[in-house]
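Visitor: Structure supplied as protein25.txt; contents: compact mmCIF, C-alpha atoms and all ligand atoms.
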```txt
# COMPACT_ATOMS: atom_id res chain seq x y z
CA MET A 1 14.08 66.51 73.62
CA THR A 2 17.07 66.01 71.32
CA ILE A 3 17.81 62.47 70.23
CA ILE A 4 20.96 61.10 71.85
CA LEU A 5 23.16 58.48 70.22
CA ARG A 6 25.62 56.66 72.43
CA HIS A 7 28.45 56.44 69.98
CA HIS A 8 31.94 55.34 69.14
CA PRO A 9 33.15 55.94 65.58
CA PHE A 10 34.64 52.42 65.34
CA SER A 11 31.33 50.71 66.02
CA ARG A 12 27.98 50.13 64.37
CA ALA A 13 26.98 53.48 65.89
CA ALA A 14 28.84 55.04 62.94
CA ASN A 15 26.11 53.66 60.68
CA VAL A 16 23.40 55.05 62.95
CA VAL A 17 24.89 58.52 62.35
CA TRP A 18 24.12 57.91 58.68
CA MET A 19 20.55 56.85 59.58
CA LEU A 20 20.10 60.09 61.54
CA GLU A 21 21.50 62.16 58.68
CA GLU A 22 19.13 60.48 56.21
CA VAL A 23 16.14 61.13 58.48
CA GLY A 24 17.30 64.71 59.06
CA VAL A 25 16.46 65.08 62.73
CA PRO A 26 18.67 66.93 65.24
CA TYR A 27 20.79 64.65 67.41
CA GLU A 28 23.66 64.68 69.86
CA LEU A 29 26.47 62.17 70.20
CA ARG A 30 27.55 60.81 73.59
CA TYR A 31 30.99 59.31 73.27
CA VAL A 32 31.33 55.91 74.95
CA ASP A 33 34.99 55.18 75.58
CA PHE A 34 35.64 51.56 74.60
CA ALA A 35 39.24 51.75 75.79
CA ALA A 36 38.07 52.79 79.27
CA GLY A 37 35.40 50.05 79.28
CA GLU A 38 32.53 52.52 79.55
CA HIS A 39 30.30 50.22 77.48
CA LYS A 40 30.54 47.59 80.24
CA ALA A 41 29.87 50.03 83.09
CA ASP A 42 26.56 50.10 84.94
CA GLU A 43 25.37 53.31 83.27
CA HIS A 44 25.58 51.78 79.80
CA ARG A 45 24.45 48.29 80.79
CA GLY A 46 21.36 49.91 82.28
CA LEU A 47 20.48 50.98 78.73
CA ASN A 48 21.69 47.85 76.94
CA ALA A 49 22.48 44.84 79.10
CA MET A 50 24.64 43.50 76.24
CA GLY A 51 27.16 46.22 77.03
CA LYS A 52 27.32 47.10 73.33
CA LEU A 53 26.86 50.06 71.01
CA PRO A 54 24.84 51.59 69.49
CA VAL A 55 22.10 52.78 71.83
CA LEU A 56 19.68 55.52 70.79
CA ILE A 57 17.68 57.51 73.31
CA ASP A 58 14.68 59.46 72.11
CA ASP A 59 12.88 60.92 75.10
CA ASP A 60 11.43 57.86 76.89
CA ALA A 61 12.39 55.42 74.13
CA VAL A 62 15.68 53.54 74.54
CA ILE A 63 16.62 51.39 71.53
CA SER A 64 19.54 49.08 70.92
CA GLU A 65 20.23 46.83 67.90
CA SER A 66 21.17 48.79 64.80
CA ALA A 67 18.40 47.44 62.58
CA ALA A 68 15.76 48.21 65.22
CA ILE A 69 17.12 51.75 65.50
CA GLY A 70 16.83 52.20 61.74
CA VAL A 71 13.27 50.88 61.63
CA TYR A 72 12.33 53.05 64.62
CA LEU A 73 13.79 56.24 63.16
CA ALA A 74 12.18 55.73 59.76
CA ASP A 75 8.75 54.90 61.19
CA ARG A 76 8.86 57.73 63.70
CA TYR A 77 10.32 60.49 61.55
CA SER A 78 10.03 59.47 57.91
CA SER A 79 6.89 57.35 57.54
CA GLY A 80 5.79 57.15 53.94
CA ASP A 81 9.22 58.18 52.77
CA LEU A 82 12.21 56.25 54.19
CA ALA A 83 9.71 53.76 55.65
CA PRO A 84 6.82 52.54 53.50
CA ALA A 85 3.51 53.18 55.28
CA LEU A 86 1.82 50.32 57.15
CA ASP A 87 -0.69 49.76 54.34
CA ASP A 88 1.88 50.02 51.53
CA PRO A 89 2.66 46.63 49.91
CA ALA A 90 6.29 47.77 49.67
CA ARG A 91 6.43 47.44 53.45
CA GLY A 92 6.81 43.64 53.14
CA PRO A 93 10.02 43.61 51.10
CA TYR A 94 11.19 46.66 53.05
CA LEU A 95 11.02 44.78 56.36
CA ARG A 96 12.47 41.68 54.78
CA TRP A 97 15.63 43.56 53.78
CA CYS A 98 15.84 45.43 57.09
CA PHE A 99 15.97 42.10 58.93
CA TYR A 100 18.11 40.32 56.37
CA GLY A 101 21.26 42.14 57.54
CA PRO A 102 21.34 41.06 61.19
CA SER A 103 19.59 37.71 60.75
CA VAL A 104 21.38 36.40 57.63
CA VAL A 105 24.25 38.55 56.32
CA GLU A 106 26.06 39.15 59.61
CA PRO A 107 26.01 35.60 61.04
CA CYS A 108 26.58 33.97 57.64
CA CYS A 109 29.59 36.14 56.79
CA MET A 110 30.98 35.55 60.27
CA ALA A 111 30.46 31.80 59.94
CA HIS A 112 32.15 31.80 56.54
CA ALA A 113 35.11 33.95 57.61
CA SER A 114 35.63 31.92 60.79
CA LYS A 115 35.12 28.58 59.03
CA TRP A 116 32.38 27.51 61.42
CA GLU A 117 30.97 24.04 60.93
CA TYR A 118 27.17 24.00 61.01
CA ARG A 119 24.14 22.39 59.40
CA ALA A 120 22.92 24.96 56.87
CA ALA A 121 19.39 23.52 56.96
CA SER A 122 19.17 24.19 60.70
CA ALA A 123 20.96 27.53 60.75
CA GLY A 124 18.57 30.36 59.91
CA PHE A 125 21.24 32.05 57.81
CA GLY A 126 21.78 29.11 55.44
CA THR A 127 24.82 28.80 53.21
CA TYR A 128 27.23 31.50 52.15
CA GLU A 129 26.50 30.77 48.47
CA SER A 130 22.75 31.19 48.95
CA LEU A 131 23.38 34.45 50.80
CA LEU A 132 25.53 35.77 47.93
CA ASP A 133 23.00 34.79 45.29
CA THR A 134 20.01 36.15 47.26
CA LEU A 135 21.72 39.45 47.93
CA GLU A 136 22.84 39.78 44.33
CA ARG A 137 19.32 39.12 43.12
CA GLY A 138 17.89 41.52 45.72
CA ILE A 139 20.10 44.39 44.62
CA GLY A 140 19.47 43.49 40.99
CA ASP A 141 19.84 46.46 38.68
CA GLY A 142 19.12 48.76 41.62
CA PRO A 143 19.75 51.43 42.22
CA TRP A 144 18.21 50.47 45.59
CA LEU A 145 16.70 47.41 47.22
CA LEU A 146 13.19 48.60 46.33
CA GLY A 147 14.18 49.67 42.83
CA ASP A 148 14.03 53.43 42.32
CA ARG A 149 12.87 53.96 45.89
CA PHE A 150 15.57 54.55 48.52
CA THR A 151 14.51 53.42 52.00
CA MET A 152 15.95 52.83 55.43
CA ALA A 153 16.48 49.21 54.37
CA ASP A 154 19.32 50.49 52.17
CA VAL A 155 20.95 52.12 55.18
CA VAL A 156 20.48 49.09 57.44
CA LEU A 157 21.46 46.36 54.97
CA GLY A 158 23.68 48.63 52.88
CA GLY A 159 25.66 49.58 55.97
CA THR A 160 26.30 45.89 56.61
CA VAL A 161 27.26 45.30 52.98
CA ARG A 162 29.72 48.19 53.10
CA PHE A 163 31.22 46.89 56.36
CA MET A 164 31.53 43.30 55.12
CA LEU A 165 33.13 44.41 51.86
CA GLN A 166 35.57 46.66 53.73
CA PHE A 167 36.71 43.78 55.93
CA LYS A 168 36.66 41.30 53.02
CA MET A 169 34.03 39.15 54.69
CA LEU A 170 31.76 39.40 51.64
CA GLU A 171 32.78 38.38 48.14
CA ALA A 172 33.28 41.56 46.12
CA ARG A 173 30.77 40.83 43.35
CA PRO A 174 30.31 43.83 41.01
CA ARG A 175 26.70 44.33 42.07
CA PHE A 176 27.79 44.60 45.70
CA THR A 177 30.66 47.00 45.09
CA GLU A 178 28.62 49.20 42.74
CA TYR A 179 25.78 49.29 45.27
CA ALA A 180 28.25 50.25 48.02
CA GLU A 181 29.61 53.05 45.82
CA ARG A 182 26.09 54.42 45.21
CA LEU A 183 25.40 54.33 48.95
CA SER A 184 28.65 56.07 49.86
CA ALA A 185 27.86 58.88 47.42
CA ARG A 186 24.62 59.83 49.15
CA PRO A 187 24.87 63.27 50.77
CA ALA A 188 23.74 61.88 54.14
CA ALA A 189 26.42 59.17 53.99
CA VAL A 190 29.04 61.82 53.17
CA ALA A 191 27.81 63.98 56.07
CA ALA A 192 27.89 61.00 58.44
CA ALA A 193 31.43 60.10 57.37
CA ALA A 194 32.48 63.67 58.21
CA VAL A 195 30.84 63.47 61.65
CA ASN A 196 32.56 60.17 62.42
CA ALA A 197 35.90 61.46 61.12
CA ARG A 198 35.59 64.52 63.34
CA VAL A 199 35.12 62.34 66.43
CA ILE A 200 38.10 60.19 65.42
CA GLN A 201 40.21 63.31 65.17
CA GLU A 202 38.91 64.94 68.36
CA ARG A 203 39.46 61.77 70.38
CA GLY A 204 42.88 61.05 68.90
CA LEU A 205 41.75 57.67 67.53
CA GLY A 206 43.45 57.97 64.15
CA ALA A 207 46.34 55.76 63.10
N1 LIG B 301 23.55 43.28 67.01
C1 LIG B 301 24.10 44.51 67.51
C2 LIG B 301 25.61 44.36 67.56
C3 LIG B 301 26.23 45.40 68.45
C4 LIG B 301 27.73 45.20 68.56
O1 LIG B 301 28.26 44.10 68.44
N2 LIG B 301 28.42 46.32 68.83
C5 LIG B 301 29.86 46.28 68.97
C6 LIG B 301 30.50 47.42 68.21
S1 LIG B 301 30.09 47.40 66.51
C7 LIG B 301 30.24 46.47 70.42
O2 LIG B 301 29.66 47.29 71.11
N3 LIG B 301 31.25 45.75 70.87
C8 LIG B 301 31.82 45.91 72.18
C9 LIG B 301 31.75 44.67 72.99
O3 LIG B 301 30.95 43.79 72.71
O4 LIG B 301 32.50 44.60 73.95
C10 LIG B 301 23.68 45.69 66.63
O5 LIG B 301 23.46 45.48 65.43
O6 LIG B 301 23.58 46.82 67.12
```
Kindly transcribe the structure held in the file into C-alpha cells.

Guide:
Amino acid sequence: MTIILRHHPFSRAANVVWMLEEVGVPYELRYVDFAAGEHKADEHRGLNAMGKLPVLIDDDAVISESAAIGVYLADRYSSGDLAPALDDPARGPYLRWCFYGPSVVEPCCMAHASKWEYRAASAGFGTYESLLDTLERGIGDGPWLLGDRFTMADVVLGGTVRFMLQFKMLEARPRFTEYAERLSARPAAVAAAAVNARVIQERGLGA
C-alpha cells in the first residue's frame, strides 16, 4: 500500500512532504480543499476529529499531529538513521526535541505574538525568553540538534522554526536563521518545496 498524505500546501502538511522526502518512501498526496471546507466534512473528520491537516494514512495506520507523523515515519522507515534506535542514548534528546516544537515552541510563540496573559510557572511552555535561550543553546554550533547527526527531530522542530521565522513569530537570532538556511538547503527540503509549489500552481493558489 502506498502512503497517503491528506494535504494542502498552505498547511503543516507541507512539512510532512519534507518528512516523506527525507525518509524516501513512495507516497501520494490527496488534496483537501480548505476553501470548500473539505477538512470539516465527515470523511476527513472520520480520520481526524479536529478537522485539521495533516493526516497520514499508511495501510491500517491513521496518524494526525505533525510531530507524531514525523516520529512514526522515522521509526517505521528509518530506524537507526533518522530515528535513533530504542536502545541508543541519543533517543532521549531526539524525543525531547521532537516534542519541544508542538509542546513549547508553537504555544509559546503564539502566546507571545498574541500578547496572552498567563502564569509562566503554570504554563508548560514557560516564558518566551526561556524558549529563545533554550532553543539557541539546543541548536548550539550545530549543524543539527544532535550535533553532526541529522534526525527527524530537525524536520519536526526545524519545520516549526522555519515557519515561526517566516511569520516573524520567533526572534531572528543568527543561530535560528543560520539553522533554517541549513535546513532549507537539504535536498529533501528542496524536493518538498518543489512538490508543494507544483500543487500551488496546479490548484491556482498562487498570488
Ligand atoms: N497540532 C496540529 C495542528 C494542525 C493544524 O492546526 N492544522 C491547520 C493547518 S496548518 C488546519 O488544518 N487548520 C484548519 C482549521 O483548523 O480549520 C499538527 O501539528 O498537526

Visitor: Give me, as a Markdown table, the closest atom pair and its distance (Å, one decimal) for every residue of stretch 113-197 of chain A within a cut-off of 12 Å of stretch 61-72 of chain A, counting all atoms listed in the file, rows sorted by chain and rising number.

Guide:
```
| residue | atom | partner | partner_atom | distance |
| --- | --- | --- | --- | --- |
| A:Thr151 | CA | A:Val71 | CA | 10.0 |
| A:Met152 | CA | A:Gly70 | CA | 6.4 |
| A:Ala153 | CA | A:Gly70 | CA | 8.0 |
| A:Asp154 | CA | A:Gly70 | CA | 10.0 |
| A:Val155 | CA | A:Gly70 | CA | 7.7 |
| A:Val156 | CA | A:Ala67 | CA | 5.8 |
| A:Leu157 | CA | A:Ala67 | CA | 8.3 |
| A:Gly158 | CA | A:Ala67 | CA | 11.1 |
| A:Gly159 | CA | A:Ser66 | CA | 9.9 |
| A:Thr160 | CA | A:Ala67 | CA | 10.0 |
```

Visitor: Can you measure atom CA of A:Asp88 to atom CA of A:Gly138 for me? One decimal in Å is fine.

Guide: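 Separation between atom CA of A:Asp88 and atom CA of A:Gly138: 19.0 Å.
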
Visitor: May I ask for the distance between atom CA of A:Pro187 and atom CA of A:Ser78, given in Å to one decimal place?

Guide: 16.9 Å

Visitor: Which residues are close to stretch 8-14 of chain A, i.e. within 6 Å by only C-alpha atoms, leaving aside same-chain residues fewer than 4 positions away? Reply as a ChimeraX atom specification.

Guide: /A:31-32,54,196

Visitor: Using C-alpha atoms, can you export the residues from the last selection as a PDB file, keeping the file's coordinate frame?

Guide:
```pdb
ATOM      1  CA  TYR A  31      30.990  59.310  73.270  1.00  0.00           C
ATOM      2  CA  VAL A  32      31.330  55.910  74.950  1.00  0.00           C
ATOM      3  CA  PRO A  54      24.840  51.590  69.490  1.00  0.00           C
ATOM      4  CA  ASN A 196      32.560  60.170  62.420  1.00  0.00           C
TER       5      ASN A 196
END
```

Visitor: Would you compute the distance between atom CA of A:Val23 and atom CA of A:Met1? Give it in Å to one decimal.

Guide: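 Atom CA of A:Met1 lies 16.2 Å from atom CA of A:Val23.
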
Visitor: Using only C-alpha atoms, can you tell me which of A:Ala113, A:Gly147, A:Gly126, A:Arg6 comes closest to A:Asn48?

Guide: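 Closest to A:Asn48, using only C-alpha atoms: A:Arg6.
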
Visitor: Might you pull out every residue within 10 Å of A:Ala49, with all atoms listed in the file counted and same-chain residues fewer than 4 positions away left off, and present them as a compact mmCIF listing (two decimals) with C-alpha atoms, in the frame of the given file?

Guide:
```
# COMPACT_ATOMS: atom_id res chain seq x y z
CA HIS A 39 30.30 50.22 77.48
CA LYS A 40 30.54 47.59 80.24
CA ALA A 41 29.87 50.03 83.09
CA ASP A 42 26.56 50.10 84.94
CA GLU A 43 25.37 53.31 83.27
CA HIS A 44 25.58 51.78 79.80
CA ARG A 45 24.45 48.29 80.79
CA SER A 64 19.54 49.08 70.92
```

Visitor: From the list A:Gly46, A:Pro84, A:Pro26, A:Pro107, which residue is nearest ligand LIG 301 (chain B) when using only C-alpha atoms and all ligand atoms?

Guide: A:Pro107

Visitor: Identify which of the residues A:Asp81, A:Asp133, A:Glu106, A:Asp60 lies closest to ligand LIG 301 (chain B), counting all atoms listed in the file when measuring atom-to-atom distances.

Guide: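 Smallest distance to ligand LIG 301 (chain B) is found for A:Glu106.
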
Visitor: Residues within 9 Å of (29.4, 52.2, 52.0), file coordinates, counting all atoms listed in the file: what are they? Give the list as a list in words.

Guide: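 Every residue inside that radius is included here: Gly158, Gly159, Thr160, Val161, Arg162, Phe163, Leu165, Gln166, Thr177, Tyr179, Ala180, Glu181, Arg182, Leu183, Ser184, Ala185 and Ala189 of chain A.
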
Visitor: Out of A:Lys52, A:Arg203, A:Arg30, A:Arg119, which residue has the shortest atom-to-atom distance to ligand LIG 301 (chain B) when counting all atoms listed in the file?

Guide: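 Checking each of A:Lys52, A:Arg203, A:Arg30, A:Arg119 against ligand LIG 301 (chain B), counting all atoms listed in the file, the winner is A:Lys52.
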
Visitor: Nearest to ligand LIG 301 (chain B) among A:Glu28, A:Asp59, A:Glu136, A:Glu38, with distances taken over all atoms listed in the file: which residue is it?

Guide: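 Under the stated criterion, the closest residue is A:Glu38.
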